[in-house]
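**Student:** The structure file start19.csv (CSV, C-alpha atoms and all ligand atoms) is provided below.
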```csv
chain,number,residue,atom,x,y,z
U,1,MET,CA,113.5,53.7,155.2
U,2,MET,CA,112.0,56.9,153.8
U,3,PHE,CA,114.1,57.3,150.7
U,4,LYS,CA,115.0,54.5,148.3
U,5,SER,CA,117.7,54.2,145.7
U,6,THR,CA,115.8,54.2,142.4
U,7,SER,CA,116.6,53.9,138.7
U,8,LEU,CA,115.3,57.0,136.9
U,9,GLN,CA,115.1,55.4,133.4
U,10,GLN,CA,111.3,55.3,133.5
U,11,TYR,CA,111.0,58.7,135.0
U,12,ASN,CA,112.6,60.8,132.2
U,13,THR,CA,111.4,61.1,128.6
U,14,PHE,CA,115.0,60.9,127.3
U,15,GLY,CA,114.9,57.3,128.7
U,16,LEU,CA,118.3,57.8,130.2
U,17,ASN,CA,119.6,55.5,132.8
U,18,ALA,CA,120.7,57.3,136.0
U,19,MET,CA,120.1,56.5,139.7
U,20,ALA,CA,118.5,58.7,142.3
U,21,LYS,CA,120.3,57.7,145.5
U,22,LYS,CA,117.4,59.0,147.7
U,23,PHE,CA,114.1,58.9,146.0
U,24,ALA,CA,110.5,59.2,147.4
U,25,ALA,CA,107.1,60.1,146.0
U,26,PHE,CA,104.4,62.1,147.8
U,27,ASN,CA,100.6,62.1,147.4
U,28,ASN,CA,99.6,64.8,149.8
U,29,ILE,CA,101.1,68.0,151.3
U,30,GLU,CA,101.6,66.6,154.7
U,31,GLU,CA,103.7,63.7,153.2
U,32,CYS,CA,105.7,66.3,151.2
U,33,LYS,CA,106.4,68.4,154.3
U,34,LEU,CA,107.6,65.3,156.2
U,35,LEU,CA,109.9,64.3,153.4
U,36,LEU,CA,111.3,67.9,153.3
U,37,ALA,CA,111.9,67.8,157.0
U,38,ALA,CA,113.6,64.4,156.7
U,39,ALA,CA,115.9,65.8,154.0
U,40,ALA,CA,116.6,68.9,156.1
U,41,GLN,CA,117.5,66.7,159.0
U,42,GLN,CA,120.0,64.8,156.9
U,43,GLN,CA,121.2,68.1,155.5
U,44,MET,CA,120.5,66.9,152.0
U,45,PRO,CA,119.6,69.3,149.2
U,46,VAL,CA,116.2,68.5,147.5
U,47,ARG,CA,115.0,68.3,143.9
U,48,ILE,CA,111.5,67.9,142.7
U,49,LEU,CA,110.5,65.6,139.8
U,50,GLY,CA,107.4,65.9,137.7
U,51,GLY,CA,107.0,63.9,134.5
U,52,GLY,CA,110.8,64.2,133.7
U,53,SER,CA,110.0,65.7,130.2
U,54,ASN,CA,112.3,68.7,130.6
U,55,ILE,CA,115.4,67.3,132.2
U,56,LEU,CA,118.7,65.8,130.9
U,57,LEU,CA,120.3,63.4,133.3
U,58,THR,CA,124.0,63.6,132.9
U,59,GLN,CA,124.9,61.8,136.2
U,60,ASP,CA,123.3,60.1,139.1
U,61,VAL,CA,121.2,62.4,141.3
U,62,GLU,CA,122.8,63.0,144.6
U,63,HIS,CA,120.0,65.2,146.0
U,64,VAL,CA,116.9,63.8,147.7
U,65,LEU,CA,114.6,63.5,144.8
U,66,LEU,CA,110.9,63.9,145.5
U,67,LYS,CA,108.3,62.9,142.9
U,68,ASN,CA,105.2,65.0,142.9
U,69,ASP,CA,102.1,62.8,142.8
U,70,LEU,CA,99.6,65.3,144.1
U,71,LEU,CA,96.3,64.8,142.3
U,72,GLY,CA,93.0,66.7,142.0
U,73,MET,CA,91.2,69.2,139.8
U,74,ALA,CA,88.4,71.6,140.8
U,75,LEU,CA,86.2,74.4,139.6
U,76,LEU,CA,86.5,77.4,141.9
U,77,ASP,CA,84.9,80.8,141.7
U,78,ARG,CA,83.0,82.2,138.7
U,79,LEU,CA,84.1,85.8,138.0
U,80,GLY,CA,81.8,87.2,135.3
U,81,ASP,CA,82.7,85.5,132.0
U,82,LEU,CA,85.8,83.9,133.6
U,83,GLN,CA,86.0,80.7,135.6
U,84,LEU,CA,88.8,80.1,138.2
U,85,VAL,CA,90.0,76.5,138.1
U,86,SER,CA,92.6,74.7,140.1
U,87,ALA,CA,94.8,71.6,139.5
U,88,ALA,CA,97.2,69.8,141.8
U,89,ALA,CA,100.7,69.8,140.6
U,90,GLY,CA,101.1,66.1,139.9
U,91,GLU,CA,98.2,66.0,137.4
U,92,SER,CA,99.2,65.4,133.8
U,93,TRP,CA,99.2,68.7,132.0
U,94,HIS,CA,97.4,67.2,128.9
U,95,SER,CA,94.7,65.5,131.1
U,96,PHE,CA,94.1,68.8,132.8
U,97,VAL,CA,93.7,70.6,129.5
U,98,LEU,CA,91.2,67.9,128.3
U,99,TRP,CA,89.3,68.3,131.6
U,100,THR,CA,89.0,72.1,131.2
U,101,LEU,CA,87.6,71.4,127.7
U,102,ASP,CA,85.1,68.9,129.2
U,103,GLN,CA,84.0,71.7,131.6
U,104,GLY,CA,83.3,73.9,128.5
U,105,LEU,CA,86.2,76.2,129.3
U,106,GLN,CA,88.5,77.9,126.8
U,107,GLY,CA,92.1,79.1,126.9
U,108,LEU,CA,94.4,76.1,127.3
U,109,GLU,CA,93.4,74.3,124.1
U,110,ASN,CA,96.5,75.5,122.2
U,111,LEU,CA,98.7,73.9,124.9
U,112,SER,CA,97.2,70.4,124.3
U,113,LEU,CA,99.6,67.4,124.3
U,114,ILE,CA,102.5,69.1,126.0
U,115,PRO,CA,104.0,66.4,128.2
U,116,GLY,CA,104.7,66.7,131.9
U,117,THR,CA,102.8,67.8,135.0
U,118,VAL,CA,100.7,70.9,135.9
U,119,GLY,CA,103.3,71.8,138.6
U,120,ALA,CA,106.2,72.1,136.2
U,121,ALA,CA,104.2,74.2,133.7
U,122,PRO,CA,104.8,77.6,135.4
U,123,ILE,CA,108.5,76.8,135.8
U,124,GLN,CA,109.3,77.5,132.2
U,125,ASN,CA,105.9,79.2,131.4
U,126,ILE,CA,105.1,76.5,128.9
U,127,GLY,CA,104.0,77.7,125.5
U,128,ALA,CA,103.0,76.5,122.1
U,129,TYR,CA,101.0,77.7,119.1
U,130,GLY,CA,100.8,81.3,120.1
U,131,VAL,CA,99.8,80.8,123.8
U,132,GLU,CA,101.8,80.6,127.0
U,133,ILE,CA,100.4,79.6,130.4
U,134,LYS,CA,101.0,83.1,131.6
U,135,ASP,CA,98.0,84.2,129.4
U,136,TYR,CA,95.6,82.2,131.6
U,137,PHE,CA,97.6,81.8,134.9
U,138,HIS,CA,96.0,83.1,138.1
U,139,SER,CA,98.2,81.9,141.0
U,140,LEU,CA,100.0,79.0,142.5
U,141,VAL,CA,100.6,77.5,145.9
U,142,ALA,CA,104.1,76.4,146.8
U,143,ILE,CA,106.0,75.1,149.8
U,144,ASP,CA,109.4,76.7,150.6
U,145,ILE,CA,111.8,73.8,150.6
U,146,SER,CA,114.0,75.3,153.3
U,147,SER,CA,111.3,76.4,155.8
U,148,GLY,CA,108.4,74.1,154.9
U,149,HIS,CA,106.1,77.1,154.8
U,150,GLN,CA,103.3,77.6,152.3
U,151,HIS,CA,103.3,80.6,149.9
U,152,THR,CA,100.9,81.9,147.3
U,153,PHE,CA,102.4,83.5,144.2
U,154,LEU,CA,100.2,85.7,142.1
U,155,LYS,CA,100.8,86.2,138.4
U,156,GLN,CA,102.8,89.4,138.9
U,157,ASP,CA,105.1,87.6,141.4
U,158,CYS,CA,106.1,84.9,138.9
U,159,GLU,CA,108.2,87.1,136.5
U,160,PHE,CA,107.1,85.0,133.5
U,161,GLY,CA,109.0,85.4,130.3
U,162,TYR,CA,109.8,83.3,127.2
U,163,ARG,CA,110.3,79.8,128.7
U,164,GLU,CA,111.2,81.6,132.0
U,165,SER,CA,109.9,82.4,135.4
U,166,ILE,CA,111.2,83.3,138.8
U,167,PHE,CA,111.1,79.5,139.5
U,168,LYS,CA,113.7,78.8,136.8
U,169,LYS,CA,115.9,81.8,137.5
U,170,LYS,CA,116.1,83.9,140.6
U,171,ARG,CA,114.5,81.4,143.0
U,172,ALA,CA,115.3,78.2,141.1
U,173,GLY,CA,115.1,75.1,143.3
U,174,GLU,CA,113.6,76.9,146.3
U,175,PHE,CA,110.0,75.7,146.1
U,176,VAL,CA,107.7,72.7,145.6
U,177,ILE,CA,104.8,73.9,143.5
U,178,CYS,CA,101.7,72.1,144.8
U,179,GLU,CA,98.7,73.7,143.1
U,180,VAL,CA,98.2,75.9,140.1
U,181,ARG,CA,95.1,78.1,139.3
U,182,PHE,CA,94.0,79.4,136.0
U,183,LEU,CA,91.3,81.9,134.9
U,184,LEU,CA,89.6,80.5,131.8
U,185,ASN,CA,87.1,81.9,129.4
U,186,THR,CA,83.5,80.7,129.5
U,187,ILE,CA,82.7,82.4,126.2
U,188,PRO,CA,84.6,81.7,122.9
U,189,LYS,CA,87.9,83.6,122.4
U,190,TYR,CA,90.1,81.5,120.2
U,191,ASN,CA,93.7,81.8,118.9
U,192,THR,CA,94.0,80.1,115.6
U,193,SER,CA,96.4,82.5,113.9
U,194,TYR,CA,99.5,80.5,114.6
U,195,GLY,CA,101.0,77.9,112.2
U,196,ALA,CA,98.7,75.5,110.4
U,197,ILE,CA,95.9,75.4,113.0
U,198,GLY,CA,93.2,76.8,110.7
U,199,GLU,CA,94.3,74.6,107.8
U,200,VAL,CA,94.2,71.4,109.8
U,201,ILE,CA,90.8,72.3,111.3
U,202,ALA,CA,89.5,72.7,107.7
U,203,GLN,CA,91.1,69.4,106.7
U,204,GLN,CA,89.4,67.7,109.6
U,205,GLY,CA,86.1,68.8,108.1
U,206,VAL,CA,85.1,70.9,111.1
U,207,GLN,CA,82.5,73.6,110.3
U,208,ASP,CA,82.2,75.4,113.6
U,209,ILE,CA,85.4,76.3,115.4
U,210,SER,CA,85.5,75.3,119.0
U,211,ALA,CA,88.1,74.8,121.7
U,212,ARG,CA,87.8,71.1,121.2
U,213,ALA,CA,88.4,71.4,117.5
U,214,ILE,CA,91.5,73.5,118.1
U,215,SER,CA,92.8,71.0,120.6
U,216,LYS,CA,92.2,68.1,118.1
U,217,ALA,CA,94.0,70.0,115.4
U,218,ILE,CA,96.9,70.8,117.6
U,219,ILE,CA,97.2,67.1,118.8
U,220,ALA,CA,97.3,66.1,115.1
U,221,ILE,CA,100.0,68.7,114.2
U,222,ARG,CA,102.1,67.8,117.2
U,223,GLN,CA,101.9,64.1,116.5
U,224,SER,CA,103.0,64.6,112.9
U,225,LYS,CA,105.9,66.9,113.8
U,226,LEU,CA,107.4,65.8,117.2
U,227,PRO,CA,108.9,62.5,118.0
U,228,ASP,CA,106.9,60.5,120.6
U,229,PRO,CA,109.2,60.0,123.7
U,230,ALA,CA,107.7,56.5,124.1
U,231,VAL,CA,109.3,55.6,120.8
U,232,ILE,CA,112.5,57.8,120.7
U,233,GLY,CA,113.8,59.4,123.9
U,234,ASN,CA,113.7,63.2,123.8
U,235,ALA,CA,112.7,66.3,125.9
U,236,GLY,CA,111.1,68.3,123.1
U,237,SER,CA,112.9,71.5,122.0
U,238,PHE,CA,116.3,71.3,123.5
U,239,PHE,CA,117.2,75.0,122.9
U,240,LYS,CA,115.3,78.2,123.1
U,241,ASN,CA,114.8,80.4,120.0
U,242,PRO,CA,117.4,83.1,120.4
U,243,GLU,CA,116.2,86.8,120.5
U,244,ILE,CA,118.5,89.2,118.7
U,245,SER,CA,118.4,93.0,118.0
U,246,THR,CA,116.9,94.2,114.7
U,247,GLU,CA,120.3,95.7,113.8
U,248,ARG,CA,122.0,92.4,114.3
U,249,HIS,CA,119.3,90.7,112.4
U,250,ASP,CA,119.6,93.1,109.5
U,251,ALA,CA,123.3,92.5,109.3
U,252,LEU,CA,122.9,88.7,109.4
U,253,VAL,CA,120.3,88.7,106.7
U,254,GLN,CA,122.8,90.3,104.4
U,255,LEU,CA,124.9,87.2,104.9
U,256,HIS,CA,122.1,84.7,105.1
U,257,PRO,CA,119.1,86.0,103.0
U,258,GLN,CA,117.0,82.9,103.7
U,259,MET,CA,117.2,83.3,107.5
U,260,PRO,CA,113.6,83.2,109.0
U,261,SER,CA,112.7,85.4,111.9
U,262,TYR,CA,109.6,86.8,113.7
U,263,LYS,CA,109.2,90.1,115.3
U,264,VAL,CA,109.2,90.3,119.2
U,265,ASN,CA,109.0,94.1,119.4
U,266,ASP,CA,110.4,97.2,117.5
U,267,ASN,CA,113.9,96.4,118.8
U,268,SER,CA,114.2,92.7,118.6
U,269,VAL,CA,113.4,89.5,116.6
U,270,LYS,CA,113.5,85.8,117.3
U,271,VAL,CA,115.3,83.4,115.0
U,272,PRO,CA,114.2,79.7,115.0
U,273,ALA,CA,117.0,77.8,116.7
U,274,GLY,CA,116.0,74.7,114.6
U,275,TRP,CA,116.9,76.6,111.4
U,276,LEU,CA,120.2,77.7,112.7
U,277,ILE,CA,121.1,74.2,113.8
U,278,GLU,CA,120.0,72.8,110.4
U,279,GLN,CA,122.2,75.3,108.6
U,280,CYS,CA,125.1,74.0,110.5
U,281,GLY,CA,124.4,70.5,109.1
U,282,TRP,CA,123.3,68.8,112.3
U,283,LYS,CA,119.8,67.7,111.3
U,284,GLY,CA,119.7,63.8,111.3
U,285,TYR,CA,123.2,63.6,112.9
U,286,SER,CA,123.7,60.5,115.0
U,287,ALA,CA,126.6,59.1,117.1
U,288,ASN,CA,127.1,57.1,120.3
U,289,GLY,CA,123.3,56.3,120.3
U,290,VAL,CA,122.3,59.9,120.5
U,291,GLY,CA,121.6,62.5,117.8
U,292,VAL,CA,119.5,65.3,116.3
U,293,HIS,CA,116.1,64.3,115.1
U,294,LYS,CA,115.9,63.8,111.3
U,295,LEU,CA,112.7,65.9,110.9
U,296,GLN,CA,113.1,68.5,113.7
U,297,ALA,CA,116.6,69.8,114.3
U,298,LEU,CA,115.6,71.5,117.6
U,299,VAL,CA,115.0,68.1,119.2
U,300,LEU,CA,118.0,66.0,120.5
U,301,VAL,CA,117.3,62.3,120.8
U,302,ASN,CA,118.4,59.2,122.6
U,303,TYR,CA,118.0,56.2,120.3
U,304,GLY,CA,118.0,53.8,123.2
U,305,GLN,CA,121.4,53.1,124.6
U,306,GLY,CA,122.7,56.7,124.7
U,307,LYS,CA,124.2,58.5,127.7
U,308,GLY,CA,123.2,61.8,129.1
U,309,GLN,CA,126.7,63.1,128.9
U,310,ASP,CA,126.8,62.4,125.2
U,311,VAL,CA,123.6,64.3,124.7
U,312,TYR,CA,125.1,67.2,126.7
U,313,LYS,CA,128.4,67.0,124.7
U,314,LEU,CA,126.3,67.1,121.4
U,315,SER,CA,124.4,70.1,122.7
U,316,ALA,CA,127.7,71.9,123.5
U,317,ASP,CA,129.0,71.1,120.0
U,318,ILE,CA,125.8,72.4,118.4
U,319,ILE,CA,126.1,75.7,120.5
U,320,ALA,CA,129.7,76.1,119.4
U,321,SER,CA,129.0,75.6,115.7
U,322,VAL,CA,126.0,77.9,115.7
U,323,GLN,CA,128.1,80.5,117.4
U,324,GLU,CA,130.9,80.1,114.9
U,325,LYS,CA,128.6,80.4,111.8
U,326,PHE,CA,126.1,83.0,113.1
U,327,ASP,CA,127.7,84.6,116.1
U,328,ILE,CA,124.5,83.7,118.1
U,329,VAL,CA,124.8,81.8,121.4
U,330,LEU,CA,122.0,79.2,121.8
U,331,GLU,CA,120.6,78.7,125.3
U,332,ARG,CA,119.4,75.3,126.5
U,333,GLU,CA,115.8,75.1,127.4
U,334,VAL,CA,116.1,71.7,129.1
U,335,ASN,CA,117.3,71.5,132.7
U,336,ILE,CA,120.7,69.9,133.0
U,337,TRP,CA,120.9,67.5,136.0
P,401,LIG,C1,107.8,65.7,123.1
P,401,LIG,C2,107.9,66.9,123.9
P,401,LIG,C3,107.3,68.1,123.5
P,401,LIG,C4,107.4,69.2,124.3
P,401,LIG,N1,106.7,70.4,123.9
P,401,LIG,C5,106.8,71.5,124.7
P,401,LIG,C6,106.1,72.7,124.2
P,401,LIG,O1,105.5,72.7,123.2
P,401,LIG,N2,106.2,73.8,125.0
P,401,LIG,C7,106.9,73.8,126.2
P,401,LIG,O2,106.9,74.8,126.8
P,401,LIG,N3,107.5,72.6,126.6
P,401,LIG,C8,107.5,71.5,125.9
P,401,LIG,N4,108.1,70.4,126.3
P,401,LIG,C9,108.9,70.4,127.6
P,401,LIG,C10,108.1,69.9,128.8
P,401,LIG,O3,107.0,69.1,128.4
P,401,LIG,C11,107.6,71.0,129.8
P,401,LIG,O4,108.7,71.8,130.2
P,401,LIG,C12,106.9,70.5,131.0
P,401,LIG,O5,106.4,71.5,131.7
P,401,LIG,C13,107.8,69.7,131.9
P,401,LIG,O6,107.0,69.0,132.9
P,401,LIG,P1,107.6,67.8,133.8
P,401,LIG,O7,106.5,67.6,134.8
P,401,LIG,O8,107.9,66.7,132.9
P,401,LIG,O9,108.8,68.5,134.4
P,401,LIG,P2,110.2,67.8,134.9
P,401,LIG,O10,111.0,67.5,133.6
P,401,LIG,O11,109.9,66.7,135.8
P,401,LIG,O12,110.9,69.0,135.6
P,401,LIG,C14,111.3,70.1,134.9
P,401,LIG,C15,111.9,71.1,136.0
P,401,LIG,O13,110.8,71.6,136.8
P,401,LIG,C16,111.1,71.2,138.2
P,401,LIG,N5,109.8,70.8,138.7
P,401,LIG,C17,108.9,69.9,138.2
P,401,LIG,N6,107.8,69.9,139.0
P,401,LIG,C18,108.0,70.7,140.0
P,401,LIG,C19,107.2,71.1,141.1
P,401,LIG,N7,105.9,70.6,141.3
P,401,LIG,N8,107.6,72.1,142.0
P,401,LIG,C20,108.9,72.6,141.8
P,401,LIG,N9,109.7,72.3,140.7
P,401,LIG,C21,109.2,71.4,139.8
P,401,LIG,C22,112.1,70.1,138.1
P,401,LIG,O14,112.8,70.2,139.3
P,401,LIG,C23,112.9,70.5,136.9
P,401,LIG,O15,113.8,71.5,137.2
P,401,LIG,C24,108.1,69.2,125.6
P,401,LIG,C25,108.7,68.0,126.0
P,401,LIG,C26,108.6,66.9,125.2
P,401,LIG,C27,109.2,65.6,125.7
```
Could you render the structure as structure tokens?
**Tutor:**
Amino acid sequence: MMFKSTSLQQYNTFGLNAMAKKFAAFNNIEECKLLLAAAAQQQMPVRILGGGSNILLTQDVEHVLLKNDLLGMALLDRLGDLQLVSAAAGESWHSFVLWTLDQGLQGLENLSLIPGTVGAAPIQNIGAYGVEIKDYFHSLVAIDISSGHQHTFLKQDCEFGYRESIFKKKRAGEFVICEVRFLLNTIPKYNTSYGAIGEVIAQQGVQDISARAISKAIIAIRQSKLPDPAVIGNAGSFFKNPEISTERHDALVQLHPQMPSYKVNDNSVKVPAGWLIEQCGWKGYSANGVGVHKLQALVLVNYGQGKGQDVYKLSADIIASVQEKFDIVLEREVNIW
């Protein structure tokens, strides 16, 4: 039998227990196409699974669930000071970042230690510490789930935005991303302006800044701030930071003078969702085996025996209370399954 009923507990970083009724993994494109054809024959909708670090399982998965295990990384063309590189979608994102550093390439170091796979990275245009993948993205190759045909998407086709792309919105669920290409710097061009990067590099006693030093600093910062999913189940930031107009911001600051924000453009600002959630008293909340992390209010957690529906219900309660107190509607970053 091509598809197997499989427990997903080890396949999602929340550690939630749900079943995939029809599960299979693929290691090459031909296998992927065969599985898509088999699903089409059974008239079954398809979902793709990477590292399971950005999904919340609220029920068993009725779709055919295909786990992407495509592997491989390669240096492609050199274009002046830039190097084109490629990674298969099933590669671990962090391993790929470390590999680019081993090749002496710069650009992805600020995105060190983000969990998940290369193939999922474009879906929400992963970002951290002042960099998003769109800054270095070149193109990707994907298979259309309904036709089995291969397509190339260039950067301008992907409609990247803050934790968004065409693959999360307009054309969500239509493609299997198989390979992603990036254009990286061969000469130093660093971004150390964000957060405590510079400070941590200094603390680590590093004299000369390098992509490797930035990566090490970011790994240390992330390990000190974010709960490790191997210890407490979570999917990183559960909500996006809301963007509001400057007028709305100015009015809110009258009521909440401590409210932090950062400028997006002349007309809008972003407000840290974690601060809003904390102000509503949720930080450290825990019930039914799920809760809000005690150090990071943006991260919802499963303490071990929790249920996806309880995490979802908690997220709905948080959205309602933030809306009531600030009249701001939080949007979930995590994909609800
Ligand atoms: C501790 C922690 C910290 C995190 N920090 C960050 C952060 O700093 N910045 C950030 O942006 N994100 C962060 N995340 C979220 C997460 O790591 C990213 O969204 C990551 O890209 C998800 O990869 P994945 O392979 O686990 O995707 P999955 O969770 O497996 O899938 C996510 C979505 O992408 C789809 N998908 C996955 N692979 C493919 C494919 N090959 N083709 C088509 N669709 C696919 C799935 O169907 C699903 O809809 C964090 C998560 C955790 C647990």
**Student:** Suppose you want the space between CA of Gln305 in chain U and CA of Val46 in chain U; what is it in Å?
**Tutor:**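 The value is 28.1 Å.
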**Student:** Per residue of chain U within 6 Å of ligand LIG 401 (chain P), note the shortest atom pair and the distance in Å to one decimal, counting only C-alpha atoms and all ligand atoms, and order the rows by chain and increasing residue number, as JSON lines.
**Tutor:**
```
{"residue": "U:Thr13", "atom": "CA", "partner": "P:LIG401", "partner_atom": "C27", "distance": 5.8}
{"residue": "U:Arg47", "atom": "CA", "partner": "P:LIG401", "partner_atom": "O14", "distance": 5.4}
{"residue": "U:Ile48", "atom": "CA", "partner": "P:LIG401", "partner_atom": "O14", "distance": 4.3}
{"residue": "U:Leu49", "atom": "CA", "partner": "P:LIG401", "partner_atom": "O11", "distance": 4.2}
{"residue": "U:Gly50", "atom": "CA", "partner": "P:LIG401", "partner_atom": "O11", "distance": 3.2}
{"residue": "U:Gly51", "atom": "CA", "partner": "P:LIG401", "partner_atom": "O8", "distance": 3.3}
{"residue": "U:Gly52", "atom": "CA", "partner": "P:LIG401", "partner_atom": "O10", "distance": 3.3}
{"residue": "U:Ser53", "atom": "CA", "partner": "P:LIG401", "partner_atom": "O8", "distance": 3.6}
{"residue": "U:Asn54", "atom": "CA", "partner": "P:LIG401", "partner_atom": "O10", "distance": 3.5}
{"residue": "U:Ile55", "atom": "CA", "partner": "P:LIG401", "partner_atom": "O10", "distance": 4.6}
{"residue": "U:Asn68", "atom": "CA", "partner": "P:LIG401", "partner_atom": "N7", "distance": 5.9}
{"residue": "U:Ala89", "atom": "CA", "partner": "P:LIG401", "partner_atom": "N7", "distance": 5.3}
{"residue": "U:Ile114", "atom": "CA", "partner": "P:LIG401", "partner_atom": "N1", "distance": 4.9}
{"residue": "U:Pro115", "atom": "CA", "partner": "P:LIG401", "partner_atom": "O3", "distance": 4.0}
{"residue": "U:Gly116", "atom": "CA", "partner": "P:LIG401", "partner_atom": "O8", "distance": 3.4}
{"residue": "U:Thr117", "atom": "CA", "partner": "P:LIG401", "partner_atom": "O7", "distance": 3.7}
{"residue": "U:Gly119", "atom": "CA", "partner": "P:LIG401", "partner_atom": "N7", "distance": 3.9}
{"residue": "U:Ala120", "atom": "CA", "partner": "P:LIG401", "partner_atom": "N6", "distance": 3.9}
{"residue": "U:Ala121", "atom": "CA", "partner": "P:LIG401", "partner_atom": "O5", "distance": 4.0}
{"residue": "U:Ile123", "atom": "CA", "partner": "P:LIG401", "partner_atom": "O13", "distance": 5.8}
{"residue": "U:Ile126", "atom": "CA", "partner": "P:LIG401", "partner_atom": "O2", "distance": 3.2}
{"residue": "U:Gly127", "atom": "CA", "partner": "P:LIG401", "partner_atom": "O2", "distance": 4.3}
{"residue": "U:Ala128", "atom": "CA", "partner": "P:LIG401", "partner_atom": "O1", "distance": 4.7}
{"residue": "U:Phe175", "atom": "CA", "partner": "P:LIG401", "partner_atom": "C20", "distance": 5.4}
{"residue": "U:Val176", "atom": "CA", "partner": "P:LIG401", "partner_atom": "N8", "distance": 3.7}
{"residue": "U:Ile177", "atom": "CA", "partner": "P:LIG401", "partner_atom": "N8", "distance": 3.7}
{"residue": "U:Cys178", "atom": "CA", "partner": "P:LIG401", "partner_atom": "N7", "distance": 5.7}
{"residue": "U:Leu226", "atom": "CA", "partner": "P:LIG401", "partner_atom": "C1", "distance": 5.9}
{"residue": "U:Asp228", "atom": "CA", "partner": "P:LIG401", "partner_atom": "C1", "distance": 5.8}
{"residue": "U:Pro229", "atom": "CA", "partner": "P:LIG401", "partner_atom": "C1", "distance": 5.9}
{"residue": "U:Asn234", "atom": "CA", "partner": "P:LIG401", "partner_atom": "C27", "distance": 5.4}
{"residue": "U:Ala235", "atom": "CA", "partner": "P:LIG401", "partner_atom": "C27", "distance": 3.6}
{"residue": "U:Gly236", "atom": "CA", "partner": "P:LIG401", "partner_atom": "C26", "distance": 3.6}
{"residue": "U:Asn335", "atom": "CA", "partner": "P:LIG401", "partner_atom": "O15", "distance": 5.7}
```
**Student:** Residues of range 61-122 of chain U within 8 Å of range 184-203 of chain U: nearest atom pair and distance (Å, one decimal) for each, counting all atoms listed in the file, sorted by chain and number, as JSON lines?
**Tutor:**
```
{"residue": "U:Asp81", "atom": "CA", "partner": "U:Thr186", "partner_atom": "CA", "distance": 5.5}
{"residue": "U:Leu82", "atom": "CA", "partner": "U:Asn185", "partner_atom": "CA", "distance": 4.8}
{"residue": "U:Gln83", "atom": "CA", "partner": "U:Leu184", "partner_atom": "CA", "distance": 5.2}
{"residue": "U:Leu84", "atom": "CA", "partner": "U:Leu184", "partner_atom": "CA", "distance": 6.5}
{"residue": "U:Val85", "atom": "CA", "partner": "U:Leu184", "partner_atom": "CA", "distance": 7.5}
{"residue": "U:Gly104", "atom": "CA", "partner": "U:Thr186", "partner_atom": "CA", "distance": 6.9}
{"residue": "U:Leu105", "atom": "CA", "partner": "U:Thr186", "partner_atom": "CA", "distance": 5.3}
{"residue": "U:Gln106", "atom": "CA", "partner": "U:Asn185", "partner_atom": "CA", "distance": 5.0}
{"residue": "U:Gly107", "atom": "CA", "partner": "U:Leu184", "partner_atom": "CA", "distance": 5.7}
{"residue": "U:Leu108", "atom": "CA", "partner": "U:Leu184", "partner_atom": "CA", "distance": 7.9}
{"residue": "U:Asn110", "atom": "CA", "partner": "U:Asn191", "partner_atom": "CA", "distance": 7.6}
```
**Student:** From the options U:Ile221, U:Val301, U:Ala211, U:His256, which residue's atoms come nearest to Leu113 in chain U, counting all atoms listed in the file?
**Tutor:**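 Of U:Ile221, U:Val301, U:Ala211, U:His256, the one nearest Leu113 in chain U, counting all atoms listed in the file, is U:Ile221.
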**Student:** Using only C-alpha atoms, which residues sit within 12 Å of Leu71 in chain U once same-chain residues fewer than 2 positions away are excluded, as a VMD selection string?
**Tutor:** chain U and resid 26 to 29 68 to 69 73 to 74 86 to 93 95 to 96 117 to 119 178 to 180
**Student:** Can you write just those residues out, C-alpha atoms, as a short mmCIF file (atom, residue, chain, number, x, y, z; two decimals), in the frame of the given file?
**Tutor:**
```
data_model
loop_
_atom_site.label_atom_id
_atom_site.label_comp_id
_atom_site.auth_asym_id
_atom_site.auth_seq_id
_atom_site.Cartn_x
_atom_site.Cartn_y
_atom_site.Cartn_z
CA PHE U 26 104.40 62.10 147.80
CA ASN U 27 100.60 62.10 147.40
CA ASN U 28 99.60 64.80 149.80
CA ILE U 29 101.10 68.00 151.30
CA ASN U 68 105.20 65.00 142.90
CA ASP U 69 102.10 62.80 142.80
CA MET U 73 91.20 69.20 139.80
CA ALA U 74 88.40 71.60 140.80
CA SER U 86 92.60 74.70 140.10
CA ALA U 87 94.80 71.60 139.50
CA ALA U 88 97.20 69.80 141.80
CA ALA U 89 100.70 69.80 140.60
CA GLY U 90 101.10 66.10 139.90
CA GLU U 91 98.20 66.00 137.40
CA SER U 92 99.20 65.40 133.80
CA TRP U 93 99.20 68.70 132.00
CA SER U 95 94.70 65.50 131.10
CA PHE U 96 94.10 68.80 132.80
CA THR U 117 102.80 67.80 135.00
CA VAL U 118 100.70 70.90 135.90
CA GLY U 119 103.30 71.80 138.60
CA CYS U 178 101.70 72.10 144.80
CA GLU U 179 98.70 73.70 143.10
CA VAL U 180 98.20 75.90 140.10
#
```
**Student:** Work out how far CA of Asn12 in chain U is from CA of Trp337 in chain U, in Å to one decimal.
**Tutor:**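 CA of Trp337 in chain U sits 11.3 Å away from CA of Asn12 in chain U.
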**Student:** Using all atoms listed in the file, which residue out of U:Leu252, U:Met19, U:Leu65, U:Leu98 lies closest to Val269 in chain U?
**Tutor:**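 Nearest to Val269 in chain U: U:Leu252.
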**Student:** Which value, in Å to one decimal, gives the distance between CA of Gln59 in chain U and CA of Ala172 in chain U?
**Tutor:**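 Interatomic distance here is 19.6 Å.
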**Student:** For Lys22 in chain U, list every protein, DNA or RNA residue within 6 Å, evaluated using only C-alpha atoms, and leave out those in the same chain fewer than 6 positions away; present the list as a list in words.
**Tutor:**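 So the residues in contact are Phe3, Lys4, Ser5 and Val64 of chain U.
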